[in-house]
Amino acid sequence: MEPAAAVTILAVVIIVLLLVVYLVAIIGQLKQITADLDVVIGAVLEIVRQTGPVNAVVITINQQLDAGVDLLEGLLVKKAGMQDALGLVEGMYPGSAADGFRRFGRSRNTKVPRIGEVYTKGTLTLARLGREAPIAAGNPGGPALRNAVNASSQARTLYPDPRRSSGSSRDNLPKSPTIGSASPNQYEPTSSPGARSRMPAREAAEESGFSIRPPSGHRQAAPAPAPAPAAEAPPADAPPAETGAPQRFSAISKRPWET
Amino acid sequence: MIIWWIGNLVLLAVVAPVVAILLKGVLTAARSIVPNIQALVPVATAITKDLDPVYLLLTTQRHVIQTVEVVANYGGSLDVILDDA
């Protein structure tokens, strides 16, 4: 063999060995990469599976919140008016009035009153509720008419016990009627439903012989019976007394000083 | 014969080193990918665990719907109670 041929064969062998060594090493690395990527892809698929319904759920939540915001904005504008509503929002969240209300495009062009300097939070709503809200201080330099922080205790001083639930004020409450079998007023059942067991005063007086005093201007000298003695109630079936004394047009018997 | 020797010289002095350098570069690049991929594995697993409470969004959705319903009812009552501006 010629030396040149031997050198050629040696060079080719060296190159082939280099290719084999490096390519095998690269194959090993790629296999490891593939294995790791399988794990990552599995995790990504899990992420995709878990986040799949998020979009629809978040869209639904946003729709609900949008409806709530539209409702509250509409109610606020309806009740307080555009300007006061913006002022109230500005008073609670400074700077937010510049954005205006979402469903009221003209709110961006509305001049916002400096309501935050006059009204405290929620005062406008309380004022519209008709309660004694701390609308303003009596004197700009003086204290507020009502403590906005401890408003409940302040209101309690105005209305200490509106329900009269305790203390001496409870005695002023009318007692609840007692009904049922334990009631102190027991009424015997009627034997003739629909018929009066006791006649009204006029009919009872006529039956007993007394006459009712007519209205003024219609006094008539009716032959009324004499009244019974004052101490005793006249019996219902007592005959009228024949006397010449002036008659009293009354169902009431004579008073003690009239005898 | 001289040309053969020149060819052998080029094969050993140029082709073999170039092949070796290129293969070594590919191998280095492949090896540099591996730690990055291995670093991704725990991150992807952790993200999966972080997303476990995502199903609570359904609870949030239900609560939001209930809250908006309550607000709507309250707003309806206020609409009746309060005078319009």
# chains A, B, ... in the order shown; residues from 1 in each chain; ligands from 1
$ residues_around --residues "stretch 16-29 of chain B" --least-positions-apart "5" --cutoff "9 Å" --atoms "only C-alpha atoms" --output "VMD selection string"
(chain A and resid 11 to 12 14 to 15 18 to 19 22 to 23 25 to 27 29) or (chain B and resid 10 to 11)
$ interface_residues --of "chain A" --to "chain B" --cutoff "8 Å" --atoms "only C-alpha atoms" --output "MDAnalysis selection string"
chainID A and resid 4 7:8 11:12 14:15 18:19 22:23 25:26 29:30 32:33 36:37 39:40 43:44 46:47 50:51 54 57:58 60:61 64:65 67:68 71:72 75 77:81 128:129
$ closest_residue --among "A:Pro193, A:Gly42, A:Pro94, A:Pro3" --to "A:Arg114" --atoms "only C-alpha atoms"
A:Pro94
$ atom_distance --atom1 "atom CA of A:Pro113" --atom2 "atom CA of A:Asp99"
14.7 Å
$ select_by_dssp --residues "chain B" --states "alpha helix (DSSP H)" --output "number ranges by chain"
B: 2-10, 16-50, 56-81
$ write_last_selection --atoms "C-alpha atoms" --output "PDB file, in the first residue's frame"
ATOM      1  CA  ILE B   2       1.732  15.130  -5.261  1.00  0.00           C
ATOM      2  CA  ILE B   3      -1.894  16.030  -5.692  1.00  0.00           C
ATOM      3  CA  TRP B   4      -2.897  13.061  -3.575  1.00  0.00           C
ATOM      4  CA  TRP B   5      -0.613  14.244  -0.780  1.00  0.00           C
ATOM      5  CA  ILE B   6      -2.012  17.717  -1.043  1.00  0.00           C
ATOM      6  CA  GLY B   7      -5.506  16.228  -0.783  1.00  0.00           C
ATOM      7  CA  ASN B   8      -4.541  14.269   2.278  1.00  0.00           C
ATOM      8  CA  LEU B   9      -3.066  17.373   3.827  1.00  0.00           C
ATOM      9  CA  VAL B  10      -6.226  19.371   3.196  1.00  0.00           C
ATOM     10  CA  ALA B  16     -11.334  17.308   9.945  1.00  0.00           C
ATOM     11  CA  PRO B  17     -10.917  20.404  12.178  1.00  0.00           C
ATOM     12  CA  VAL B  18     -13.870  22.142  10.545  1.00  0.00           C
ATOM     13  CA  VAL B  19     -16.058  19.073  11.066  1.00  0.00           C
ATOM     14  CA  ALA B  20     -14.877  18.798  14.629  1.00  0.00           C
ATOM     15  CA  ILE B  21     -15.535  22.471  15.366  1.00  0.00           C
ATOM     16  CA  LEU B  22     -19.005  22.379  13.843  1.00  0.00           C
ATOM     17  CA  LEU B  23     -19.994  19.221  15.682  1.00  0.00           C
ATOM     18  CA  LYS B  24     -18.654  20.605  18.927  1.00  0.00           C
ATOM     19  CA  GLY B  25     -20.716  23.753  18.436  1.00  0.00           C
ATOM     20  CA  VAL B  26     -23.868  21.737  17.872  1.00  0.00           C
ATOM     21  CA  LEU B  27     -23.130  19.632  20.910  1.00  0.00           C
ATOM     22  CA  THR B  28     -22.521  22.720  23.034  1.00  0.00           C
ATOM     23  CA  ALA B  29     -25.798  24.216  21.889  1.00  0.00           C
ATOM     24  CA  ALA B  30     -27.661  20.998  22.652  1.00  0.00           C
ATOM     25  CA  ARG B  31     -26.106  20.813  26.080  1.00  0.00           C
ATOM     26  CA  SER B  32     -27.050  24.392  26.817  1.00  0.00           C
ATOM     27  CA  ILE B  33     -30.692  23.629  26.071  1.00  0.00           C
ATOM     28  CA  VAL B  34     -30.904  20.846  28.610  1.00  0.00           C
ATOM     29  CA  PRO B  35     -30.585  22.917  31.802  1.00  0.00           C
ATOM     30  CA  ASN B  36     -33.105  25.383  30.500  1.00  0.00           C
ATOM     31  CA  ILE B  37     -35.596  22.638  29.783  1.00  0.00           C
ATOM     32  CA  GLN B  38     -34.916  21.097  33.173  1.00  0.00           C
ATOM     33  CA  ALA B  39     -35.557  24.455  34.769  1.00  0.00           C
ATOM     34  CA  LEU B  40     -38.887  24.650  32.986  1.00  0.00           C
ATOM     35  CA  VAL B  41     -40.138  21.396  34.467  1.00  0.00           C
ATOM     36  CA  PRO B  42     -40.571  22.557  38.093  1.00  0.00           C
ATOM     37  CA  VAL B  43     -41.923  25.897  36.914  1.00  0.00           C
ATOM     38  CA  ALA B  44     -44.567  24.227  34.773  1.00  0.00           C
ATOM     39  CA  THR B  45     -45.479  21.921  37.625  1.00  0.00           C
ATOM     40  CA  ALA B  46     -45.721  24.839  40.031  1.00  0.00           C
ATOM     41  CA  ILE B  47     -47.918  26.755  37.597  1.00  0.00           C
ATOM     42  CA  THR B  48     -50.196  23.774  37.412  1.00  0.00           C
ATOM     43  CA  LYS B  49     -50.478  23.724  41.188  1.00  0.00           C
ATOM     44  CA  ASP B  50     -51.038  27.464  41.275  1.00  0.00           C
ATOM     45  CA  LEU B  56     -63.009  28.757  42.741  1.00  0.00           C
ATOM     46  CA  LEU B  57     -63.875  31.218  40.007  1.00  0.00           C
ATOM     47  CA  LEU B  58     -67.139  29.338  39.738  1.00  0.00           C
ATOM     48  CA  THR B  59     -67.808  30.194  43.373  1.00  0.00           C
ATOM     49  CA  THR B  60     -66.853  33.788  42.672  1.00  0.00           C
ATOM     50  CA  GLN B  61     -69.187  33.819  39.720  1.00  0.00           C
ATOM     51  CA  ARG B  62     -72.043  32.501  41.845  1.00  0.00           C
ATOM     52  CA  HIS B  63     -71.363  35.026  44.577  1.00  0.00           C
ATOM     53  CA  VAL B  64     -71.152  37.868  42.101  1.00  0.00           C
ATOM     54  CA  ILE B  65     -74.491  36.884  40.629  1.00  0.00           C
ATOM     55  CA  GLN B  66     -76.053  36.719  44.077  1.00  0.00           C
ATOM     56  CA  THR B  67     -74.525  40.042  45.057  1.00  0.00           C
ATOM     57  CA  VAL B  68     -75.769  41.743  41.929  1.00  0.00           C
ATOM     58  CA  GLU B  69     -79.215  40.301  42.546  1.00  0.00           C
ATOM     59  CA  VAL B  70     -79.187  41.688  46.086  1.00  0.00           C
ATOM     60  CA  VAL B  71     -77.978  45.035  44.807  1.00  0.00           C
ATOM     61  CA  ALA B  72     -80.706  45.014  42.188  1.00  0.00           C
ATOM     62  CA  ASN B  73     -83.351  44.280  44.801  1.00  0.00           C
ATOM     63  CA  TYR B  74     -81.962  46.953  47.087  1.00  0.00           C
ATOM     64  CA  GLY B  75     -81.800  49.388  44.210  1.00  0.00           C
ATOM     65  CA  GLY B  76     -85.391  48.646  43.355  1.00  0.00           C
ATOM     66  CA  SER B  77     -86.404  49.380  46.923  1.00  0.00           C
ATOM     67  CA  LEU B  78     -84.394  52.593  46.923  1.00  0.00           C
ATOM     68  CA  ASP B  79     -86.009  53.546  43.651  1.00  0.00           C
ATOM     69  CA  VAL B  80     -89.357  53.324  45.374  1.00  0.00           C
ATOM     70  CA  ILE B  81     -88.302  54.954  48.631  1.00  0.00           C
TER      71      ILE B  81
END
